[in-house]
$ cat protein-v1.pdb   # PDB, C-alpha atoms and all ligand atoms
ATOM      1  CA  MET A  10      -4.796 -29.005  -8.561
ATOM      2  CA  GLN A  11      -4.878 -26.359  -5.846
ATOM      3  CA  PRO A  12      -2.324 -23.707  -6.869
ATOM      4  CA  ILE A  13      -1.209 -22.920  -3.297
ATOM      5  CA  VAL A  14      -1.163 -25.449  -0.472
ATOM      6  CA  VAL A  15       0.339 -24.508   2.902
ATOM      7  CA  GLN A  16       0.572 -27.215   5.565
ATOM      8  CA  HIS A  17       1.542 -26.589   9.179
ATOM      9  CA  ILE A  18       4.279 -24.034   8.491
ATOM     10  CA  HIS A  19       6.335 -22.869  11.493
ATOM     11  CA  LYS A  20       9.102 -20.273  11.430
ATOM     12  CA  SER A  21      10.952 -18.596  14.293
ATOM     13  CA  PHE A  22      13.683 -15.976  14.348
ATOM     14  CA  GLY A  23      15.443 -16.620  17.656
ATOM     15  CA  SER A  24      12.754 -16.299  20.272
ATOM     16  CA  VAL A  25      10.288 -14.575  17.879
ATOM     17  CA  LYS A  26       7.654 -16.961  16.574
ATOM     18  CA  ALA A  27       7.013 -15.354  13.191
ATOM     19  CA  LEU A  28       4.705 -18.156  11.982
ATOM     20  CA  HIS A  29       2.976 -20.776  14.048
ATOM     21  CA  ASP A  30       1.221 -23.745  12.437
ATOM     22  CA  ILE A  31      -0.018 -21.952   9.321
ATOM     23  CA  SER A  32      -2.226 -24.004   6.990
ATOM     24  CA  PHE A  33      -4.515 -22.964   4.143
ATOM     25  CA  THR A  34      -5.155 -23.605   0.469
ATOM     26  CA  VAL A  35      -5.868 -21.276  -2.410
ATOM     27  CA  GLU A  36      -8.152 -22.565  -5.164
ATOM     28  CA  GLU A  37      -7.897 -22.001  -8.929
ATOM     29  CA  GLY A  38      -8.724 -18.415  -9.873
ATOM     30  CA  GLU A  39      -9.139 -17.350  -6.251
ATOM     31  CA  LEU A  40      -8.130 -13.974  -4.820
ATOM     32  CA  PHE A  41      -6.987 -14.902  -1.320
ATOM     33  CA  GLY A  42      -6.101 -12.220   1.230
ATOM     34  CA  LEU A  43      -3.715 -12.447   4.174
ATOM     35  CA  ILE A  44      -5.019  -9.747   6.456
ATOM     36  CA  GLY A  45      -3.043  -8.612   9.465
ATOM     37  CA  PRO A  46      -1.121  -5.761  11.063
ATOM     38  CA  ASP A  47       2.616  -5.065  10.829
ATOM     39  CA  GLY A  48       4.638  -7.906  12.260
ATOM     40  CA  ALA A  49       1.843 -10.485  11.865
ATOM     41  CA  GLY A  50       4.112 -12.715   9.769
ATOM     42  CA  LYS A  51       2.780 -12.011   6.271
ATOM     43  CA  SER A  52       6.126 -11.218   4.609
ATOM     44  CA  THR A  53       7.781 -14.226   6.242
ATOM     45  CA  LEU A  54       5.119 -16.474   4.723
ATOM     46  CA  PHE A  55       5.581 -14.909   1.272
ATOM     47  CA  ARG A  56       9.334 -15.401   1.490
ATOM     48  CA  ILE A  57       8.830 -19.074   2.310
ATOM     49  CA  LEU A  58       6.357 -19.536  -0.551
ATOM     50  CA  ALA A  59       8.631 -17.663  -2.944
ATOM     51  CA  THR A  60      11.502 -20.060  -1.964
ATOM     52  CA  LEU A  61      13.624 -17.293  -0.433
ATOM     53  CA  LEU A  62      13.419 -18.586   3.131
ATOM     54  CA  LEU A  63      13.201 -22.061   4.645
ATOM     55  CA  ALA A  64      10.456 -22.908   7.110
ATOM     56  CA  ASP A  65      11.458 -24.654  10.345
ATOM     57  CA  LYS A  66       8.608 -27.122   9.949
ATOM     58  CA  GLY A  67       5.756 -27.861   7.566
ATOM     59  CA  ASN A  68       5.294 -28.092   3.800
ATOM     60  CA  ALA A  69       4.144 -25.786   1.061
ATOM     61  CA  TYR A  70       3.323 -26.430  -2.585
ATOM     62  CA  VAL A  71       2.939 -23.817  -5.273
ATOM     63  CA  ASN A  72       1.437 -24.872  -8.572
ATOM     64  CA  GLY A  73       1.966 -28.469  -7.438
ATOM     65  CA  SER A  74       5.703 -28.023  -6.738
ATOM     66  CA  ASP A  75       7.304 -28.337  -3.311
ATOM     67  CA  VAL A  76       8.830 -24.970  -2.351
ATOM     68  CA  VAL A  77      11.973 -26.697  -1.044
ATOM     69  CA  LYS A  78      12.539 -29.702  -3.306
ATOM     70  CA  ASP A  79      11.241 -28.108  -6.514
ATOM     71  CA  TYR A  80      12.246 -24.534  -5.840
ATOM     72  CA  ARG A  81      13.422 -23.949  -9.408
ATOM     73  CA  SER A  82      10.018 -24.813 -10.799
ATOM     74  CA  VAL A  83       8.319 -22.617  -8.183
ATOM     75  CA  ARG A  84      10.547 -19.670  -9.094
ATOM     76  CA  ARG A  85       9.706 -20.084 -12.784
ATOM     77  CA  HIS A  86       5.971 -20.062 -12.246
ATOM     78  CA  VAL A  87       5.540 -17.441  -9.553
ATOM     79  CA  GLY A  88       5.128 -13.704  -9.927
ATOM     80  CA  TYR A  89       6.243 -12.051  -6.683
ATOM     81  CA  MET A  90       5.837  -8.428  -5.732
ATOM     82  CA  PRO A  91       7.684  -8.019  -2.428
ATOM     83  CA  GLY A  92       6.616  -5.597   0.276
ATOM     84  CA  ARG A  93       9.160  -2.975  -0.519
ATOM     85  CA  PHE A  94       9.143  -2.497  -4.251
ATOM     86  CA  SER A  95      12.009  -4.379  -5.801
ATOM     87  CA  LEU A  96      12.480  -1.999  -8.678
ATOM     88  CA  TYR A  97      15.829  -0.701  -9.822
ATOM     89  CA  GLN A  98      15.495   2.978  -9.027
ATOM     90  CA  ASP A  99      18.058   4.148 -11.612
ATOM     91  CA  LEU A 100      16.529   2.147 -14.443
ATOM     92  CA  THR A 101      13.610   3.553 -16.410
ATOM     93  CA  ILE A 102      10.203   1.927 -16.556
ATOM     94  CA  ALA A 103      11.055   0.264 -19.874
ATOM     95  CA  GLU A 104      14.479  -0.883 -18.627
ATOM     96  CA  ASN A 105      13.043  -2.371 -15.429
ATOM     97  CA  LEU A 106      10.461  -4.285 -17.396
ATOM     98  CA  ASN A 107      12.983  -5.554 -19.949
ATOM     99  CA  PHE A 108      15.307  -6.571 -17.137
ATOM    100  CA  PHE A 109      12.659  -8.700 -15.408
ATOM    101  CA  ALA A 110      11.619 -10.230 -18.747
ATOM    102  CA  THR A 111      15.226 -11.074 -19.571
ATOM    103  CA  ILE A 112      15.956 -12.868 -16.299
ATOM    104  CA  PHE A 113      13.014 -15.132 -17.077
ATOM    105  CA  SER A 114      14.319 -15.654 -20.636
ATOM    106  CA  THR A 115      11.332 -13.989 -22.198
ATOM    107  CA  SER A 116      10.477 -10.607 -23.694
ATOM    108  CA  VAL A 117       7.959  -7.910 -22.936
ATOM    109  CA  GLU A 118       6.470  -8.399 -26.436
ATOM    110  CA  GLU A 119       5.916 -12.110 -25.886
ATOM    111  CA  ASN A 120       3.644 -11.594 -22.865
ATOM    112  CA  TYR A 121       2.422  -8.099 -23.620
ATOM    113  CA  GLU A 122      -1.233  -9.155 -23.640
ATOM    114  CA  LEU A 123      -1.164  -9.910 -19.904
ATOM    115  CA  ILE A 124       0.331  -6.580 -18.848
ATOM    116  CA  ARG A 125      -1.179  -4.334 -21.529
ATOM    117  CA  ASP A 126      -4.005  -2.857 -19.395
ATOM    118  CA  ILE A 127      -1.609  -1.931 -16.631
ATOM    119  CA  TYR A 128       1.387  -0.965 -18.760
ATOM    120  CA  GLU A 129      -0.605   1.449 -20.906
ATOM    121  CA  GLN A 130      -1.215   3.564 -17.816
ATOM    122  CA  ILE A 131       2.506   4.062 -17.221
ATOM    123  CA  ALA A 132       3.741   3.888 -20.838
ATOM    124  CA  PRO A 133       3.742   7.702 -21.282
ATOM    125  CA  PHE A 134       6.507   7.803 -18.637
ATOM    126  CA  LYS A 135       8.460   4.818 -19.915
ATOM    127  CA  ASP A 136      11.735   6.742 -20.078
ATOM    128  CA  ARG A 137      11.493   8.007 -16.505
ATOM    129  CA  PRO A 138      13.675   6.331 -13.844
ATOM    130  CA  ALA A 139      11.651   4.221 -11.412
ATOM    131  CA  GLY A 140      13.030   6.283  -8.520
ATOM    132  CA  LYS A 141      11.249   9.359  -9.902
ATOM    133  CA  LEU A 142       7.790   7.779 -10.134
ATOM    134  CA  SER A 143       4.849   8.368  -7.797
ATOM    135  CA  GLY A 144       3.865   5.565  -5.378
ATOM    136  CA  GLY A 145       0.931   4.557  -7.570
ATOM    137  CA  MET A 146       3.071   4.373 -10.717
ATOM    138  CA  LYS A 147       5.782   2.384  -8.955
ATOM    139  CA  GLN A 148       3.118  -0.014  -7.827
ATOM    140  CA  LYS A 149       1.846  -0.490 -11.393
ATOM    141  CA  LEU A 150       5.376  -0.993 -12.703
ATOM    142  CA  ALA A 151       6.132  -3.513  -9.951
ATOM    143  CA  LEU A 152       2.983  -5.417 -10.855
ATOM    144  CA  CYS A 153       3.981  -5.423 -14.548
ATOM    145  CA  CYS A 154       7.435  -6.722 -13.561
ATOM    146  CA  ALA A 155       5.840  -9.508 -11.500
ATOM    147  CA  LEU A 156       3.638 -10.457 -14.464
ATOM    148  CA  VAL A 157       6.028 -10.090 -17.358
ATOM    149  CA  HIS A 158       6.986 -13.801 -17.442
ATOM    150  CA  LYS A 159       3.322 -14.892 -17.419
ATOM    151  CA  PRO A 160       3.339 -16.526 -13.980
ATOM    152  CA  ARG A 161       0.787 -19.180 -13.027
ATOM    153  CA  VAL A 162       0.485 -17.843  -9.469
ATOM    154  CA  LEU A 163       0.817 -14.283  -8.192
ATOM    155  CA  PHE A 164       2.139 -13.259  -4.750
ATOM    156  CA  LEU A 165       1.609  -9.633  -3.757
ATOM    157  CA  ASP A 166       2.987  -8.556  -0.397
ATOM    158  CA  GLU A 167       1.243  -5.379   0.807
ATOM    159  CA  PRO A 168       1.019  -3.924  -2.708
ATOM    160  CA  THR A 169      -1.081  -0.950  -1.599
ATOM    161  CA  THR A 170       0.758   0.100   1.557
ATOM    162  CA  GLY A 171       1.698   3.771   1.347
ATOM    163  CA  VAL A 172      -0.250   4.309  -1.854
ATOM    164  CA  ASP A 173      -2.968   6.970  -2.184
ATOM    165  CA  PRO A 174      -6.639   5.901  -1.968
ATOM    166  CA  VAL A 175      -7.370   6.382  -5.683
ATOM    167  CA  SER A 176      -4.384   4.265  -6.705
ATOM    168  CA  ARG A 177      -5.411   1.661  -4.144
ATOM    169  CA  GLN A 178      -8.837   1.415  -5.712
ATOM    170  CA  GLU A 179      -7.392   1.227  -9.240
ATOM    171  CA  PHE A 180      -5.024  -1.481  -8.081
ATOM    172  CA  TRP A 181      -7.855  -3.678  -6.821
ATOM    173  CA  GLU A 182      -9.659  -3.197 -10.136
ATOM    174  CA  MET A 183      -6.521  -4.498 -11.844
ATOM    175  CA  LEU A 184      -6.427  -7.497  -9.525
ATOM    176  CA  LYS A 185     -10.039  -8.306 -10.349
ATOM    177  CA  ARG A 186      -9.181  -8.288 -14.064
ATOM    178  CA  LEU A 187      -6.155 -10.544 -13.503
ATOM    179  CA  LYS A 188      -8.288 -12.903 -11.469
ATOM    180  CA  SER A 189     -10.811 -13.088 -14.290
ATOM    181  CA  LYS A 190      -7.942 -14.292 -16.504
ATOM    182  CA  GLY A 191      -7.669 -17.281 -14.164
ATOM    183  CA  ILE A 192      -4.529 -16.304 -12.203
ATOM    184  CA  PRO A 193      -4.767 -17.268  -8.526
ATOM    185  CA  ILE A 194      -3.567 -14.401  -6.344
ATOM    186  CA  LEU A 195      -2.288 -14.398  -2.780
ATOM    187  CA  VAL A 196      -2.255 -10.809  -1.549
ATOM    188  CA  SER A 197      -1.492  -9.360   1.876
ATOM    189  CA  THR A 198      -2.776  -6.118   3.313
ATOM    190  CA  PRO A 199      -3.085  -4.377   6.660
ATOM    191  CA  TYR A 200      -6.201  -2.537   5.356
ATOM    192  CA  MET A 201      -9.444  -4.105   6.498
ATOM    193  CA  ASP A 202     -11.528  -2.491   3.737
ATOM    194  CA  GLU A 203      -9.412  -4.395   1.219
ATOM    195  CA  ALA A 204     -10.271  -7.665   2.938
ATOM    196  CA  MET A 205     -13.822  -7.267   1.667
ATOM    197  CA  LEU A 206     -12.526  -7.338  -1.933
ATOM    198  CA  CYS A 207     -11.035 -10.840  -1.580
ATOM    199  CA  ASP A 208     -12.818 -14.119  -2.291
ATOM    200  CA  LYS A 209     -11.440 -15.581   0.894
ATOM    201  CA  VAL A 210      -9.260 -14.217   3.678
ATOM    202  CA  ALA A 211      -7.055 -15.488   6.471
ATOM    203  CA  LEU A 212      -6.983 -13.121   9.445
ATOM    204  CA  ILE A 213      -3.458 -13.331  10.821
ATOM    205  CA  GLN A 214      -1.972 -11.913  13.987
ATOM    206  CA  LYS A 215       1.254 -12.706  15.887
ATOM    207  CA  GLY A 216       2.094 -15.468  13.417
ATOM    208  CA  GLU A 217      -1.190 -17.322  13.833
ATOM    209  CA  ILE A 218      -4.225 -17.602  11.618
ATOM    210  CA  MET A 219      -7.234 -16.636  13.704
ATOM    211  CA  GLN A 220      -9.864 -17.375  11.071
ATOM    212  CA  ILE A 221     -10.184 -18.341   7.414
ATOM    213  CA  ASN A 222     -13.388 -17.770   5.490
ATOM    214  CA  THR A 223     -15.103 -15.570   2.947
ATOM    215  CA  PRO A 224     -15.273 -11.961   4.172
ATOM    216  CA  ALA A 225     -19.081 -12.127   4.174
ATOM    217  CA  ALA A 226     -19.094 -15.277   6.331
ATOM    218  CA  ILE A 227     -16.623 -13.729   8.777
ATOM    219  CA  VAL A 228     -18.823 -10.663   9.190
ATOM    220  CA  ALA A 229     -22.002 -12.778   9.402
ATOM    221  CA  GLY A 230     -20.374 -14.874  12.139
ATOM    222  CA  PHE A 231     -19.855 -11.861  14.376
ATOM    223  CA  GLY A 232     -22.299 -12.655  17.121
ATOM    224  CA  ARG A 233     -22.583  -9.381  19.058
ATOM    225  CA  GLN A 234     -24.442  -6.119  18.806
ATOM    226  CA  VAL A 235     -22.062  -3.271  17.963
ATOM    227  CA  TRP A 236     -22.699   0.237  19.293
ATOM    228  CA  ALA A 237     -21.249   3.292  17.587
ATOM    229  CA  VAL A 238     -20.499   5.889  20.259
ATOM    230  CA  ARG A 239     -19.268   9.439  19.851
ATOM    231  CA  ALA A 240     -18.784  12.537  22.015
ATOM    232  CA  LYS A 241     -16.874  15.784  21.839
ATOM    233  CA  ASN A 242     -13.853  14.468  23.721
ATOM    234  CA  MET A 243     -13.189  11.070  22.160
ATOM    235  CA  TYR A 244     -10.081  10.378  24.212
ATOM    236  CA  HIS A 245     -11.926  10.704  27.524
ATOM    237  CA  LEU A 246     -14.870   8.776  26.129
ATOM    238  CA  LEU A 247     -12.605   5.880  25.122
ATOM    239  CA  LYS A 248     -10.988   5.839  28.566
ATOM    240  CA  ASP A 249     -14.348   5.973  30.337
ATOM    241  CA  ILE A 250     -15.969   3.246  28.243
ATOM    242  CA  ARG A 251     -12.953   0.973  28.638
ATOM    243  CA  ALA A 252     -13.208   1.485  32.408
ATOM    244  CA  PHE A 253     -16.889   0.458  32.417
ATOM    245  CA  GLU A 254     -17.274  -3.064  33.828
ATOM    246  CA  GLY A 255     -19.976  -3.962  31.275
ATOM    247  CA  THR A 256     -17.672  -3.235  28.304
ATOM    248  CA  HIS A 257     -16.546  -6.228  26.321
ATOM    249  CA  SER A 258     -14.535  -4.316  23.704
ATOM    250  CA  CYS A 259     -14.059  -0.706  22.683
ATOM    251  CA  PHE A 260     -11.895   0.616  19.870
ATOM    252  CA  ALA A 261     -11.707   3.669  17.624
ATOM    253  CA  PHE A 262     -13.463   3.266  14.303
ATOM    254  CA  GLY A 263     -13.370   6.371  12.118
ATOM    255  CA  GLU A 264     -15.111   9.194  13.958
ATOM    256  CA  PHE A 265     -16.872   6.760  16.315
ATOM    257  CA  LEU A 266     -15.901   4.215  18.908
ATOM    258  CA  HIS A 267     -17.144   0.702  18.235
ATOM    259  CA  VAL A 268     -18.305  -0.827  21.477
ATOM    260  CA  THR A 269     -19.594  -4.300  22.379
ATOM    261  CA  LEU A 270     -21.119  -4.921  25.778
ATOM    262  CA  ASP A 271     -21.617  -7.772  28.211
ATOM    263  CA  THR A 272     -24.656  -5.919  29.468
ATOM    264  CA  ASP A 273     -27.409  -3.938  27.763
ATOM    265  CA  GLU A 274     -27.028  -0.521  26.271
ATOM    266  CA  SER A 275     -29.145   1.195  28.918
ATOM    267  CA  ALA A 276     -26.502   0.254  31.517
ATOM    268  CA  LEU A 277     -23.883   2.034  29.435
ATOM    269  CA  GLN A 278     -26.157   5.082  29.124
ATOM    270  CA  LYS A 279     -26.650   5.077  32.907
ATOM    271  CA  TYR A 280     -22.903   4.761  33.529
ATOM    272  CA  LEU A 281     -22.018   7.588  31.133
ATOM    273  CA  ARG A 282     -24.742  10.037  32.252
ATOM    274  CA  PRO A 283     -22.970  11.418  35.377
ATOM    275  CA  LEU A 284     -19.699  11.693  33.423
ATOM    276  CA  GLN A 285     -21.325  14.471  31.391
ATOM    277  CA  HIS A 286     -19.820  13.858  27.975
ATOM    278  CA  GLU A 287     -20.781  16.663  25.603
ATOM    279  CA  ASP A 288     -22.655  15.766  22.374
ATOM    280  CA  LEU A 289     -22.891  12.089  23.320
ATOM    281  CA  VAL A 290     -24.333   9.812  20.637
ATOM    282  CA  ILE A 291     -24.918   6.073  21.075
ATOM    283  CA  ARG A 292     -26.453   4.204  18.180
ATOM    284  CA  PRO A 293     -26.509   0.651  16.837
ATOM    285  CA  ALA A 294     -23.981  -0.119  14.073
ATOM    286  CA  GLN A 295     -23.528  -2.912  11.544
ATOM    287  CA  PRO A 296     -20.480  -5.011  12.378
ATOM    288  CA  GLY A 297     -17.709  -5.061   9.759
ATOM    289  CA  ILE A 298     -14.653  -7.252   9.259
ATOM    290  CA  GLU A 299     -12.658  -4.891  11.505
ATOM    291  CA  ASP A 300     -14.997  -5.763  14.387
ATOM    292  CA  SER A 301     -14.419  -9.472  13.760
ATOM    293  CA  PHE A 302     -10.674  -8.916  13.664
ATOM    294  CA  MET A 303     -10.653  -6.987  16.947
ATOM    295  CA  GLN A 304     -12.850  -9.625  18.558
ATOM    296  CA  LEU A 305     -10.563 -12.454  17.453
ATOM    297  CA  MET A 306      -7.514 -10.508  18.633
ATOM    298  CA  LEU A 307      -9.101 -10.054  22.024
ATOM    299  CA  GLU A 308      -9.809 -13.785  22.274
ATOM    300  CA  GLN A 309      -6.250 -14.597  21.151
ATOM    301  CA  ASN A 310      -4.795 -12.249  23.776
ATOM    302  CA  GLU A 311      -6.965 -13.840  26.464
ATOM    303  CA  THR A 312      -5.609 -17.304  25.664
ATOM    304  CA  THR A 313      -1.917 -16.346  25.383
TER     305      THR A 313
HETATM  306  N1  LIG B   1      15.066 -11.803   9.335
HETATM  307  C1  LIG B   1      14.454 -11.627  10.500
HETATM  308  N2  LIG B   1      15.138 -11.666  11.661
HETATM  309  C2  LIG B   1      14.535 -11.510  12.855
HETATM  310  N3  LIG B   1      13.201 -11.297  13.017
HETATM  311  C3  LIG B   1      12.466 -11.243  11.901
HETATM  312  C4  LIG B   1      13.040 -11.395  10.579
HETATM  313  N4  LIG B   1      12.047 -11.306   9.677
HETATM  314  C5  LIG B   1      10.915 -11.091  10.369
HETATM  315  N5  LIG B   1      11.143 -11.059  11.690
HETATM  316  C6  LIG B   1      10.149 -10.890  12.771
HETATM  317  O1  LIG B   1       9.104 -11.811  12.509
HETATM  318  C7  LIG B   1       7.827 -11.228  12.773
HETATM  319  C8  LIG B   1       6.977 -11.254  11.532
HETATM  320  O2  LIG B   1       7.519 -10.361  10.578
HETATM  321  P1  LIG B   1       6.954 -10.156   9.104
HETATM  322  O3  LIG B   1       7.847  -9.177   8.393
HETATM  323  O4  LIG B   1       6.751 -11.472   8.463
HETATM  324  O5  LIG B   1       5.520  -9.495   9.397
HETATM  325  P2  LIG B   1       4.540  -8.730   8.421
HETATM  326  O6  LIG B   1       3.177  -9.169   8.779
HETATM  327  O7  LIG B   1       4.961  -8.903   7.018
HETATM  328  O8  LIG B   1       4.712  -7.220   8.849
HETATM  329  P3  LIG B   1       5.543  -6.055   8.141
HETATM  330  O9  LIG B   1       4.568  -5.420   7.202
HETATM  331  O10 LIG B   1       5.915  -5.173   9.290
HETATM  332  O11 LIG B   1       6.729  -6.662   7.456
HETATM  333  C9  LIG B   1       8.115  -9.823  13.293
HETATM  334  O12 LIG B   1       8.135  -9.874  14.700
HETATM  335  C10 LIG B   1       9.495  -9.519  12.736
HETATM  336  O13 LIG B   1      10.171  -8.598  13.542
END
$ encode --input "protein-v1.pdb" --output "structure tokens"
Amino acid sequence: MQPIVVQHIHKSFGSVKALHDISFTVEEGELFGLIGPDGAGKSTLFRILATLLLADKGNAYVNGSDVVKDYRSVRRHVGYMPGRFSLYQDLTIAENLNFFATIFSTSVEENYELIRDIYEQIAPFKDRPAGKLSGGMKQKLALCCALVHKPRVLFLDEPTTGVDPVSRQEFWEMLKRLKSKGIPILVSTPYMDEAMLCDKVALIQKGEIMQINTPAAIVAGFGRQVWAVRAKNMYHLLKDIRAFEGTHSCFAFGEFLHVTLDTDESALQKYLRPLQHEDLVIRPAQPGIEDSFMQLMLEQNETT
């Protein structure tokens, strides 16, 4: 049985099409990423899968149960960490955890094995109110709360947004360990580097899936040469390159611009020369998943 099956889901809020014809499946033990910027529709999809919102059209099954007809069964078997942490700020770590265990008619002791690795990191602060924890600790507590009833499927909506880089890295290590215990995980993130840590990803933008594949296959399918370009005044460089008629795409990527061309690189050199950019560097770069995302976005914008 495929633990998550999504078939042709549509959802609008008034004139806003939050989700348009979304379909994908998550396999047993898979870490599946929904990758997209703010407003792409990720949280709306989680709410539908977690039975908190009805789709306008389409079907979804979690652990074999229909999210509408069998919503009680779905709720029992899903661990859901919503975008904004759903912790009770005035309750301590221990009280939050006990509360979530109790509403699922279980106890922390009964399922301690599953959360032990994560809980031990926050246990020294167990009497501290959740509202007084750092972002990274809140995130660990929220994950423990989502796991405390031993769910069969885990939904994590932007679990690392607003969390420091070290905690982000630790969090993905924890996800890898949970995955190795056989729990399928659907996780969303706006961070492209995190996409590379998933088994499979759906790139989502404006409520539509632009591509689904393994991160490696998405990168390998990027069919253009990427040029990394830098100069002293990056703002003017960006403007100039975007104004060049041979430019296919140009966006900021760390301390460089990533540029793809409809012409060869020497034409870009020739165009830039009279513009006298100081410290100009143009060199070939390996495409990454961010390049694929930008490319797909460009194509989507051209067709809408
Ligand atoms: N209850 C609602 N009423 C009206 N519009 C909504 C509602 N919920 C979501 N939307 C709109 O639907 C679109 C998708 O929102 P959604 O929250 O699912 O995106 P997201 O990818 O999770 O991004 P974010 O991280 O910003 O929440 C957005 O345009 C949003 O404004």
$ closest_residue --input "protein-v1.pdb" --among "A:Ala261, A:Met90, A:Val25, A:Ile18" --to "Gly67 (chain A)" --atoms "only C-alpha atoms"
A:Ile18
$ residues_near_point --input "protein-v1.pdb" --point "(-2.8, -16.9, 24.2)" --cutoff "12 Å" --atoms "only C-alpha atoms" --output "list in words"
Gln214, Lys215, Gly216, Glu217, Met219, Leu305, Met306, Leu307, Glu308, Gln309, Asn310, Glu311, Thr312 and Thr313 of chain A
$ write_last_selection --input "protein-v1.pdb" --atoms "C-alpha atoms" --output "CSV table (one decimal), in the coordinates of the input"
chain,number,residue,atom,x,y,z
A,214,GLN,CA,-2.0,-11.9,14.0
A,215,LYS,CA,1.3,-12.7,15.9
A,216,GLY,CA,2.1,-15.5,13.4
A,217,GLU,CA,-1.2,-17.3,13.8
A,219,MET,CA,-7.2,-16.6,13.7
A,305,LEU,CA,-10.6,-12.5,17.5
A,306,MET,CA,-7.5,-10.5,18.6
A,307,LEU,CA,-9.1,-10.1,22.0
A,308,GLU,CA,-9.8,-13.8,22.3
A,309,GLN,CA,-6.2,-14.6,21.2
A,310,ASN,CA,-4.8,-12.2,23.8
A,311,GLU,CA,-7.0,-13.8,26.5
A,312,THR,CA,-5.6,-17.3,25.7
A,313,THR,CA,-1.9,-16.3,25.4
$ closest_residue --input "protein-v1.pdb" --among "A:Val87, A:Phe113, A:Lys147, A:Leu266" --to "Tyr70 (chain A)" --atoms "all atoms listed in the file"
A:Val87
$ axis_aligned_box --input "protein-v1.pdb" --around "ligand LIG 1 (chain B)" --padding-each-side "6 Å" --output "JSON"
{"center_x": 9.2, "center_y": -8.5, "center_z": 10.9, "size_x": 24.0, "size_y": 18.6, "size_z": 19.7}
$ closest_atom_pairs --input "protein-v1.pdb" --of "chain A" --to "ligand LIG 1 (chain B)" --cutoff "9 Å" --atoms "only C-alpha atoms and all ligand atoms" --output "CSV"
residue,atom,partner,partner_atom,distance
A:Lys20,CA,B:LIG1,O1,8.5
A:Ser21,CA,B:LIG1,O1,7.3
A:Phe22,CA,B:LIG1,C2,4.8
A:Gly23,CA,B:LIG1,C2,7.1
A:Ser24,CA,B:LIG1,N3,8.8
A:Val25,CA,B:LIG1,O12,6.1
A:Lys26,CA,B:LIG1,O1,6.7
A:Ala27,CA,B:LIG1,O1,4.2
A:Leu28,CA,B:LIG1,C8,7.3
A:Leu43,CA,B:LIG1,O6,8.9
A:Ile44,CA,B:LIG1,O6,8.5
A:Gly45,CA,B:LIG1,O6,6.3
A:Pro46,CA,B:LIG1,O6,5.9
A:Asp47,CA,B:LIG1,O8,3.6
A:Gly48,CA,B:LIG1,O5,3.4
A:Ala49,CA,B:LIG1,O6,3.6
A:Gly50,CA,B:LIG1,O4,3.2
A:Lys51,CA,B:LIG1,O6,3.8
A:Ser52,CA,B:LIG1,O7,3.5
A:Thr53,CA,B:LIG1,O4,3.7
A:Leu54,CA,B:LIG1,O4,6.5
A:Phe55,CA,B:LIG1,O4,8.1
A:Arg56,CA,B:LIG1,O4,8.4
A:Gly92,CA,B:LIG1,O9,7.2
A:Asp166,CA,B:LIG1,O7,7.7
A:Glu167,CA,B:LIG1,O9,7.2
A:Thr170,CA,B:LIG1,O9,8.8
A:Ser197,CA,B:LIG1,O7,8.3
A:Thr198,CA,B:LIG1,O9,8.3
A:Pro199,CA,B:LIG1,O9,7.7
A:Ile213,CA,B:LIG1,O6,8.1
A:Gln214,CA,B:LIG1,O6,7.8
A:Lys215,CA,B:LIG1,C8,7.3
A:Gly216,CA,B:LIG1,C8,6.7
$ residues_around --input "protein-v1.pdb" --residues "Leu281 (chain A)" --least-positions-apart "6" --cutoff "10 Å" --atoms "all atoms listed in the file" --output "list in words"
Leu246, Asp249, Ile250, Phe253, Ser275 and Leu289 of chain A
$ resolve_selection --input "protein-v1.pdb" --expression "the PyMOL selection byres (((chain A and resi 76) around 12) and not hetatm)" --output "ChimeraX atom specification"
/A:13-16,18,54-64,67-75,77-87
$ closest_residue --input "protein-v1.pdb" --among "A:Leu165, A:Cys259, A:Val175, A:Ala225" --to "Met146 (chain A)" --atoms "only C-alpha atoms"
A:Val175
$ closest_residue --input "protein-v1.pdb" --among "A:Ser95, A:Gln11, A:Asn120, A:Thr272" --to "Ala151 (chain A)" --atoms "only C-alpha atoms"
A:Ser95
